[in-house]
Structures are given as structure tokens and as C-alpha cells.
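The file final.txt comes next; it holds compact mmCIF, C-alpha atoms.
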```
# COMPACT_ATOMS: atom_id res chain seq x y z
CA MET J 122 0.00 0.00 0.00
CA ASP J 123 2.79 2.48 0.95
CA LYS J 124 4.59 1.61 -2.28
CA THR J 125 1.51 2.36 -4.40
CA LEU J 126 0.88 5.69 -2.64
CA PHE J 127 4.56 6.60 -3.01
CA TYR J 128 4.42 6.10 -6.78
CA PHE J 129 1.04 7.86 -7.07
CA VAL J 130 2.15 10.95 -5.11
CA GLY J 131 5.53 11.00 -6.88
CA ILE J 132 3.89 10.94 -10.32
CA ALA J 133 1.42 13.63 -9.23
CA LEU J 134 4.31 15.80 -7.99
CA VAL J 135 6.20 15.46 -11.29
CA ALA J 136 3.04 16.14 -13.33
CA SER J 137 2.23 19.20 -11.21
CA ALA J 138 5.76 20.55 -11.58
CA LEU J 139 5.61 20.13 -15.36
CA GLY J 140 2.15 21.74 -15.48
CA VAL J 141 3.18 24.78 -13.44
CA SER J 142 6.35 25.15 -15.53
CA ALA J 143 4.34 25.07 -18.75
CA ILE J 144 1.87 27.69 -17.40
CA GLY J 145 4.75 29.89 -16.21
CA LEU J 146 6.41 29.75 -19.64
CA ARG J 147 3.16 30.52 -21.46
CA PHE J 148 1.91 33.33 -19.23
CA GLU J 149 4.46 35.94 -18.15
CA GLY J 150 2.25 37.25 -15.32
CA PHE J 151 1.90 33.86 -13.60
CA PRO J 152 1.22 33.68 -10.72
CA PRO J 153 -1.19 36.63 -10.97
CA THR J 154 -1.42 37.30 -7.22
CA ARG J 155 0.50 36.60 -4.05
CA ALA J 156 -2.36 34.41 -2.84
CA VAL J 157 -1.97 32.12 -5.88
CA LEU J 158 1.79 32.04 -5.38
CA ALA J 159 1.33 31.10 -1.72
CA ALA J 160 -1.19 28.40 -2.68
CA VAL J 161 1.25 26.93 -5.25
CA VAL J 162 4.09 26.95 -2.70
CA VAL J 163 1.90 25.30 -0.05
CA TYR J 164 0.69 22.69 -2.57
CA PHE J 165 4.22 21.73 -3.62
CA ALA J 166 5.45 21.70 -0.03
CA GLY J 167 2.62 19.30 0.83
CA MET J 168 3.35 17.10 -2.18
CA VAL J 169 7.09 16.95 -1.35
CA ALA J 170 6.31 16.11 2.29
CA ALA J 171 3.86 13.39 1.23
CA THR J 172 6.36 11.92 -1.24
CA THR J 173 9.09 11.91 1.41
CA THR J 174 6.80 10.30 4.00
CA PHE J 175 5.70 7.51 1.67
CA ALA J 176 9.31 6.96 0.55
CA VAL J 177 10.35 6.44 4.19
CA LEU J 178 7.40 4.13 4.87
CA ASN J 179 8.13 2.15 1.71
CA ALA J 180 11.81 1.76 2.65
CA ARG J 181 10.81 0.60 6.14
CA ASP J 182 8.41 -2.00 4.73
CA GLU J 183 11.08 -3.29 2.33
CA GLN J 184 13.61 -3.54 5.18
CA HIS J 185 11.15 -5.51 7.33
CA SER J 186 10.41 -7.81 4.40
CA ARG J 187 14.13 -8.38 3.74
CA GLN J 188 14.80 -9.09 7.42
CA ALA J 189 11.95 -11.60 7.51
CA LYS J 190 13.33 -13.39 4.43
CA GLU J 191 16.86 -13.48 5.92
CA ALA J 192 15.54 -14.87 9.20
CA GLN J 193 13.62 -17.55 7.31
CA ALA J 194 16.71 -18.43 5.23
CA GLN J 195 18.87 -18.72 8.36
CA ALA J 196 16.28 -20.96 10.01
CA THR J 197 16.40 -23.37 7.06
CA GLN J 198 20.21 -23.41 6.61
CA PRO J 199 22.05 -26.62 7.53
CA ALA J 200 24.75 -26.66 10.17
CA GLY J 201 28.02 -25.01 9.22
CA GLY J 202 31.44 -24.35 10.66
CA THR J 203 33.42 -21.18 11.16
CA THR J 204 37.13 -20.69 11.66
CA THR J 205 38.53 -17.75 13.58
CA THR J 206 42.09 -16.73 14.41
CA THR J 207 42.78 -14.68 17.53
CA GLY J 208 46.22 -13.82 18.87
CA GLY J 209 47.95 -16.62 17.00
CA THR J 210 45.43 -19.26 18.12
CA THR J 211 43.23 -20.75 15.40
CA THR J 212 39.90 -22.14 16.59
CA THR J 213 37.34 -24.06 14.56
CA SER J 214 33.76 -24.02 15.85
CA THR J 215 30.71 -25.80 14.49
CA THR J 216 27.22 -24.31 14.73
CA THR J 217 24.36 -26.53 15.80
CA GLY J 218 21.87 -27.67 13.19
CA ALA J 219 19.77 -30.54 11.98
CA ALA J 220 22.70 -32.81 11.10
CA PRO J 221 25.45 -33.15 13.74
CA LYS J 222 29.00 -33.32 12.40
CA SER J 223 31.49 -35.93 13.50
CA LYS J 224 33.75 -34.60 16.24
CA ALA J 225 37.44 -34.27 15.42
CA THR J 226 40.07 -36.17 17.36
CA THR J 227 42.35 -33.61 19.01
CA VAL J 228 46.02 -34.36 19.71
CA LYS J 229 48.49 -32.11 21.50
CA LEU J 230 51.95 -31.21 20.22
CA ALA J 231 54.51 -28.71 21.52
CA ALA J 232 57.90 -27.44 20.50
CA ASN J 233 60.89 -27.82 22.79
CA PRO J 234 61.48 -24.39 24.39
CA THR J 235 65.28 -24.55 24.06
CA GLN J 236 65.97 -26.83 21.07
CA ILE J 237 64.83 -27.24 17.47
CA ALA J 238 62.64 -30.23 18.28
CA TYR J 239 59.10 -31.30 19.12
CA ASP J 240 58.26 -32.73 22.54
CA THR J 241 57.45 -36.08 20.88
CA LYS J 242 58.31 -38.04 17.77
CA SER J 243 54.97 -39.88 17.55
CA LEU J 244 51.29 -38.95 17.61
CA SER J 245 48.24 -41.18 17.24
CA ALA J 246 44.62 -40.46 16.36
CA LYS J 247 41.43 -42.11 15.17
CA ALA J 248 40.55 -42.12 11.49
CA GLY J 249 38.38 -39.19 10.42
CA ASN J 250 38.78 -35.52 11.24
CA VAL J 251 41.93 -34.77 13.25
CA ALA J 252 42.99 -31.51 14.91
CA ILE J 253 46.57 -30.95 16.07
CA ASP J 254 46.79 -28.32 18.80
CA PHE J 255 50.33 -26.97 18.57
CA THR J 256 52.11 -24.79 21.14
CA ASN J 257 55.46 -23.06 20.68
CA PRO J 258 56.74 -21.71 24.02
CA ASN J 259 59.82 -20.20 22.38
CA THR J 260 59.30 -16.44 21.94
CA ALA J 261 62.26 -15.95 19.59
CA LEU J 262 62.18 -18.93 17.23
CA PRO J 263 59.09 -19.54 15.03
CA HIS J 264 57.72 -23.06 14.52
CA ASP J 265 54.70 -24.65 12.89
CA VAL J 266 53.33 -28.14 12.26
CA CYS J 267 52.70 -29.59 8.81
CA VAL J 268 51.42 -33.02 7.82
CA GLN J 269 52.08 -35.02 4.69
CA THR J 270 51.42 -38.54 3.45
CA GLN J 271 54.14 -41.17 3.17
CA GLY J 272 54.24 -40.23 -0.51
CA ALA J 273 55.15 -36.63 0.43
CA GLN J 274 51.73 -35.21 -0.48
CA SER J 275 51.13 -32.16 1.72
CA LEU J 276 47.86 -32.18 3.71
CA GLY J 277 48.31 -28.76 5.28
CA CYS J 278 50.31 -26.56 7.65
CA SER J 279 49.43 -24.49 10.69
CA ASP J 280 50.46 -20.86 11.13
CA GLN J 281 54.05 -20.23 12.20
CA VAL J 282 53.92 -18.96 15.79
CA THR J 283 56.28 -17.76 18.52
CA GLY J 284 55.29 -17.87 22.16
CA SER J 285 51.71 -18.87 21.37
CA SER J 286 49.46 -21.66 20.10
CA THR J 287 47.73 -22.57 16.88
CA SER J 288 45.80 -25.52 15.45
CA LEU J 289 45.89 -27.58 12.27
CA SER J 290 42.65 -29.23 11.13
CA LEU J 291 42.86 -32.30 8.87
CA GLN J 292 39.71 -33.65 7.25
CA SER J 293 38.79 -37.30 6.72
CA LEU J 294 42.16 -38.92 7.41
CA LYS J 295 42.27 -42.60 6.53
CA ALA J 296 44.07 -45.20 8.62
CA GLY J 297 47.79 -45.20 8.00
CA LYS J 298 51.00 -43.39 8.84
CA TYR J 299 51.69 -39.74 8.13
CA THR J 300 54.68 -37.48 8.71
CA PHE J 301 54.42 -34.31 10.76
CA TYR J 302 57.22 -31.75 10.56
CA CYS J 303 58.17 -28.08 10.94
CA SER J 304 58.34 -26.22 7.63
CA VAL J 305 60.66 -23.45 8.85
CA PRO J 306 63.83 -23.81 6.70
CA GLY J 307 66.33 -26.21 8.28
CA HIS J 308 64.09 -27.34 11.15
CA GLU J 309 62.93 -30.63 9.62
CA GLN J 310 66.52 -31.44 8.70
CA ALA J 311 67.51 -30.71 12.30
CA GLY J 312 65.13 -33.45 13.44
CA MET J 313 61.90 -31.54 14.00
CA LYS J 314 59.60 -34.24 12.62
CA GLY J 315 57.73 -37.35 13.66
CA THR J 316 55.08 -39.89 12.72
CA LEU J 317 51.32 -39.51 13.04
CA THR J 318 49.63 -42.92 13.21
CA VAL J 319 45.95 -42.94 12.30
CA GLN J 320 43.96 -46.07 13.22
```
Rewritten as C-alpha cells:
Amino acid sequence: MDKTLFYFVGIALVASALGVSAIGLRFEGFPPTRAVLAAVVVYFAGMVAATTTFAVLNARDEQHSRQAKEAQAQATQPAGGTTTTTGGTTTTSTTTGAAPKSKATTVKLAANPTQIAYDTKSLSAKAGNVAIDFTNPNTALPHDVCVQTQGAQSLGCSDQVTGSSTSLSLQSLKAGKYTFYCSVPGHEQAGMKGTLTVQ
């Protein structure tokens, strides 16, 4: 309704402006009196106010309609996941929905604070989604954790961090052995690597 009135008043305003312009061009003495001039000014002020009012009402109705559609779309969306990084720590969270996702197996790994080495040479996890929570207590030397298959196919790397933690998420790992290592130049060669066994 507001949309129809907005268009109606807008068209009437344009038509009135064109009509008054045409009369003013045709008759030099228009408007003939101050009373007519005042009436024309009041008329156009009222038309502009009405057009503005209906434009605001129409915009409000469209916003409400858009918000209702967005709320309906969100209500019908399936569950999804979001990944955020804060202060060097990467966290993956899954929103609730109709279909629950399989929970990832989380394993802990840390760098040696004084040497170029991990705190372990072996990790184990269940087949499926695996998350490696990695901590580097060394504030001067950056480290990360990367995983690759036995055939040297890279599956991903975490962020390189110093004095903080991060996480590497691996999707749908099959049973088998994988290599984890630090990708900082020279660190893997110095012995910063190990074996991830997935069962």
C-alpha cells in the first residue's frame, strides 16, 4: 500500500511541476497574485512532504520484508562451521543444526622451548577428522606443524607462531602413517619431525 501511494504521489508531484512550468512559460504574469503564489508553494510543499513520507514508509516495509526473508533463510540453513584466528590461536567451531558433524580427534603437540625439536616423535589419532593443537613456548624462534602422506603429499600446515598456540585441522584422514614436521627452513633437517599414526 505504501509503495503504491509513493508512486502515485511521486507521479502527481512530477506532473504538477511540469504543469506549473508550462503555465509559467506561457503566461508571463503567472502567478497573478501573491495568494496564488502562496497556494502553489503550499501545494508543492505538501506534495514533497507526502512523497518523502511515503518513501520512508516504503523503505521501512522493504527492510522488514528483507529481514523476515533473511531470518527464514537462516532458520532453514544446515549446520556449518566457522574458523577464527585470535592472537595466533586458530579455533574451529561448528554451529548446531539438523545434522550433527562428527567430532574431530584432538592431539596435543609442543615445540621444545630450548631446542629445534618437538616434545614427541609420535602422535596417534582415530581415522576421520583430526585436529593438532600446537604450542610453541619459544618467543624468539618460530615453529609450525605440517602433515604429509608417506608419498610426500602435503595435507596442510598451521600458522608459524612464537610464544603462542595454533591448530591444524585435517579432514577425513584414513588409517595409516603420516609425517608431521616443521616447515621453517632447516628445522625438519635438524630433526623436527615425527610420525602420526591414524587407526
query: Could you name the residues that touch Gln236 (chain J) at 10 Å or less, counting all atoms listed in the file, but leaving out those on the same chain fewer than 4 positions away, as a PyMOL selection string?
result: chain J and resi 232+240+259+262+311+313
message: Just checking: using only C-alpha atoms, which residue out of J:Ser293, J:Glu309, J:Asp280, J:Cys303 ends up closest to Lys224 (chain J)?
response: J:Ser293
field: Distance query 12 Å from (63.9, -16.0, 14.7) using all atoms listed in the file, result as a list in words
entry: Ile237, Asn259, Thr260, Ala261, Leu262, Pro263, His264, Gln281, Val282, Thr283, Gly284, Val305, Pro306 and His308 of chain J
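As for CA of Ile132 (chain J) and CA of Ile144 (chain J), they are spaced 18.3 Å apart.
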statement: From the list J:Ala180, J:Leu291, J:Val266, J:Leu276, the nearest residue to Thr227 (chain J) using all atoms listed in the file is J:Leu291
statement: The residue from J:Phe255, J:Tyr128, J:Tyr239, J:Phe165 with the smallest atom-to-atom distance to Ser285 (chain J), counting all atoms listed in the file, is J:Phe255
message: Give me, as JSON, numbers by chain, all polymer residues having an atom no more than 12 Å from Ala246 (chain J), counting all atoms listed in the file and skipping those fewer than 3 positions away in the same chain.
response: {"J": [225, 226, 227, 228, 229, 243, 249, 250, 251, 252, 253, 291, 293, 294, 295, 296, 297, 298, 299, 316, 317, 318, 319, 320]}
Just-selected residues, C-alpha atoms written as a compact mmCIF listing (two decimals), keeping the file's coordinate frame:
```
# COMPACT_ATOMS: atom_id res chain seq x y z
CA ALA J 225 37.44 -34.27 15.42
CA THR J 226 40.07 -36.17 17.36
CA THR J 227 42.35 -33.61 19.01
CA VAL J 228 46.02 -34.36 19.71
CA LYS J 229 48.49 -32.11 21.50
CA SER J 243 54.97 -39.88 17.55
CA GLY J 249 38.38 -39.19 10.42
CA ASN J 250 38.78 -35.52 11.24
CA VAL J 251 41.93 -34.77 13.25
CA ALA J 252 42.99 -31.51 14.91
CA ILE J 253 46.57 -30.95 16.07
CA LEU J 291 42.86 -32.30 8.87
CA SER J 293 38.79 -37.30 6.72
CA LEU J 294 42.16 -38.92 7.41
CA LYS J 295 42.27 -42.60 6.53
CA ALA J 296 44.07 -45.20 8.62
CA GLY J 297 47.79 -45.20 8.00
CA LYS J 298 51.00 -43.39 8.84
CA TYR J 299 51.69 -39.74 8.13
CA THR J 316 55.08 -39.89 12.72
CA LEU J 317 51.32 -39.51 13.04
CA THR J 318 49.63 -42.92 13.21
CA VAL J 319 45.95 -42.94 12.30
CA GLN J 320 43.96 -46.07 13.22
```
field: Using only C-alpha atoms: which of J:Ala156, J:Gly307, J:Leu230, J:Phe151 has the shortest distance to Ser279 (chain J)
entry: J:Leu230
message: Between CA of Ser142 (chain J) and CA of Val161 (chain J), what is the distance in Å, rounded to a tenth?
response: 11.6 Å
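Taking only C-alpha atoms into account, Thr174 (chain J) lies nearest to J:Gly131 out of the set J:Gly131, J:Val157, J:Ser186, J:Ala136.
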Place N, CA and C atoms on region 274-302 of chain J and deliver the coordinates as a PDB file, keeping the file's coordinate frame.
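Wrote it out as result-v6.pdb, contents follow:
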```
ATOM      1  N   GLN J 274      52.804 -36.104  -0.070  1.00  0.00           N
ATOM      2  CA  GLN J 274      51.730 -35.210  -0.480  1.00  0.00           C
ATOM      3  C   GLN J 274      51.304 -34.371   0.725  1.00  0.00           C
ATOM      4  N   SER J 275      51.428 -33.054   0.599  1.00  0.00           N
ATOM      5  CA  SER J 275      51.130 -32.160   1.720  1.00  0.00           C
ATOM      6  C   SER J 275      49.621 -32.128   2.001  1.00  0.00           C
ATOM      7  N   LEU J 276      49.261 -32.242   3.292  1.00  0.00           N
ATOM      8  CA  LEU J 276      47.860 -32.180   3.710  1.00  0.00           C
ATOM      9  C   LEU J 276      47.531 -30.864   4.401  1.00  0.00           C
ATOM     10  N   GLY J 277      48.569 -30.061   4.672  1.00  0.00           N
ATOM     11  CA  GLY J 277      48.310 -28.760   5.280  1.00  0.00           C
ATOM     12  C   GLY J 277      49.344 -28.395   6.330  1.00  0.00           C
ATOM     13  N   CYS J 278      49.404 -27.095   6.640  1.00  0.00           N
ATOM     14  CA  CYS J 278      50.310 -26.560   7.650  1.00  0.00           C
ATOM     15  C   CYS J 278      49.563 -25.578   8.537  1.00  0.00           C
ATOM     16  N   SER J 279      49.974 -25.497   9.787  1.00  0.00           N
ATOM     17  CA  SER J 279      49.430 -24.490  10.690  1.00  0.00           C
ATOM     18  C   SER J 279      50.149 -23.170  10.442  1.00  0.00           C
ATOM     19  N   ASP J 280      49.730 -22.122  11.158  1.00  0.00           N
ATOM     20  CA  ASP J 280      50.460 -20.860  11.130  1.00  0.00           C
ATOM     21  C   ASP J 280      51.802 -21.039  11.852  1.00  0.00           C
ATOM     22  N   GLN J 281      52.798 -20.274  11.450  1.00  0.00           N
ATOM     23  CA  GLN J 281      54.050 -20.230  12.200  1.00  0.00           C
ATOM     24  C   GLN J 281      53.853 -19.288  13.381  1.00  0.00           C
ATOM     25  N   VAL J 282      54.175 -19.756  14.594  1.00  0.00           N
ATOM     26  CA  VAL J 282      53.920 -18.960  15.790  1.00  0.00           C
ATOM     27  C   VAL J 282      55.166 -18.912  16.674  1.00  0.00           C
ATOM     28  N   THR J 283      55.247 -17.876  17.488  1.00  0.00           N
ATOM     29  CA  THR J 283      56.280 -17.760  18.520  1.00  0.00           C
ATOM     30  C   THR J 283      55.586 -17.394  19.821  1.00  0.00           C
ATOM     31  N   GLY J 284      55.858 -18.156  20.859  1.00  0.00           N
ATOM     32  CA  GLY J 284      55.290 -17.870  22.160  1.00  0.00           C
ATOM     33  C   GLY J 284      53.782 -17.936  22.214  1.00  0.00           C
ATOM     34  N   SER J 285      53.170 -18.755  21.385  1.00  0.00           N
ATOM     35  CA  SER J 285      51.710 -18.870  21.370  1.00  0.00           C
ATOM     36  C   SER J 285      51.294 -20.226  20.797  1.00  0.00           C
ATOM     37  N   SER J 286      49.989 -20.373  20.572  1.00  0.00           N
ATOM     38  CA  SER J 286      49.460 -21.660  20.100  1.00  0.00           C
ATOM     39  C   SER J 286      48.677 -21.475  18.818  1.00  0.00           C
ATOM     40  N   THR J 287      48.521 -22.551  18.094  1.00  0.00           N
ATOM     41  CA  THR J 287      47.730 -22.570  16.880  1.00  0.00           C
ATOM     42  C   THR J 287      47.158 -23.967  16.715  1.00  0.00           C
ATOM     43  N   SER J 288      46.405 -24.198  15.664  1.00  0.00           N
ATOM     44  CA  SER J 288      45.800 -25.520  15.450  1.00  0.00           C
ATOM     45  C   SER J 288      45.763 -25.844  13.974  1.00  0.00           C
ATOM     46  N   LEU J 289      45.979 -27.098  13.644  1.00  0.00           N
ATOM     47  CA  LEU J 289      45.890 -27.580  12.270  1.00  0.00           C
ATOM     48  C   LEU J 289      44.762 -28.583  12.175  1.00  0.00           C
ATOM     49  N   SER J 290      43.794 -28.323  11.303  1.00  0.00           N
ATOM     50  CA  SER J 290      42.650 -29.230  11.130  1.00  0.00           C
ATOM     51  C   SER J 290      42.847 -30.056   9.864  1.00  0.00           C
ATOM     52  N   LEU J 291      42.722 -31.364   9.990  1.00  0.00           N
ATOM     53  CA  LEU J 291      42.860 -32.300   8.870  1.00  0.00           C
ATOM     54  C   LEU J 291      41.551 -33.048   8.713  1.00  0.00           C
ATOM     55  N   GLN J 292      41.026 -33.066   7.509  1.00  0.00           N
ATOM     56  CA  GLN J 292      39.710 -33.650   7.250  1.00  0.00           C
ATOM     57  C   GLN J 292      39.819 -35.071   6.707  1.00  0.00           C
ATOM     58  N   SER J 293      39.003 -35.943   7.254  1.00  0.00           N
ATOM     59  CA  SER J 293      38.790 -37.300   6.720  1.00  0.00           C
ATOM     60  C   SER J 293      40.095 -38.077   6.500  1.00  0.00           C
ATOM     61  N   LEU J 294      40.931 -38.129   7.532  1.00  0.00           N
ATOM     62  CA  LEU J 294      42.160 -38.920   7.410  1.00  0.00           C
ATOM     63  C   LEU J 294      41.839 -40.408   7.450  1.00  0.00           C
ATOM     64  N   LYS J 295      42.440 -41.150   6.540  1.00  0.00           N
ATOM     65  CA  LYS J 295      42.270 -42.600   6.530  1.00  0.00           C
ATOM     66  C   LYS J 295      43.348 -43.243   7.404  1.00  0.00           C
ATOM     67  N   ALA J 296      43.087 -44.470   7.797  1.00  0.00           N
ATOM     68  CA  ALA J 296      44.070 -45.200   8.620  1.00  0.00           C
ATOM     69  C   ALA J 296      45.392 -45.306   7.873  1.00  0.00           C
ATOM     70  N   GLY J 297      46.478 -45.129   8.619  1.00  0.00           N
ATOM     71  CA  GLY J 297      47.790 -45.200   8.000  1.00  0.00           C
ATOM     72  C   GLY J 297      48.778 -44.343   8.759  1.00  0.00           C
ATOM     73  N   LYS J 298      49.956 -44.194   8.204  1.00  0.00           N
ATOM     74  CA  LYS J 298      51.000 -43.390   8.840  1.00  0.00           C
ATOM     75  C   LYS J 298      51.261 -42.132   8.031  1.00  0.00           C
ATOM     76  N   TYR J 299      51.432 -41.036   8.737  1.00  0.00           N
ATOM     77  CA  TYR J 299      51.690 -39.740   8.130  1.00  0.00           C
ATOM     78  C   TYR J 299      52.892 -39.107   8.812  1.00  0.00           C
ATOM     79  N   THR J 300      53.529 -38.183   8.136  1.00  0.00           N
ATOM     80  CA  THR J 300      54.680 -37.480   8.710  1.00  0.00           C
ATOM     81  C   THR J 300      54.260 -36.077   9.121  1.00  0.00           C
ATOM     82  N   PHE J 301      54.608 -35.706  10.366  1.00  0.00           N
ATOM     83  CA  PHE J 301      54.420 -34.310  10.760  1.00  0.00           C
ATOM     84  C   PHE J 301      55.798 -33.686  10.922  1.00  0.00           C
ATOM     85  N   TYR J 302      55.905 -32.395  10.567  1.00  0.00           N
ATOM     86  CA  TYR J 302      57.220 -31.750  10.560  1.00  0.00           C
ATOM     87  C   TYR J 302      57.045 -30.227  10.642  1.00  0.00           C
TER      88      TYR J 302
END
```
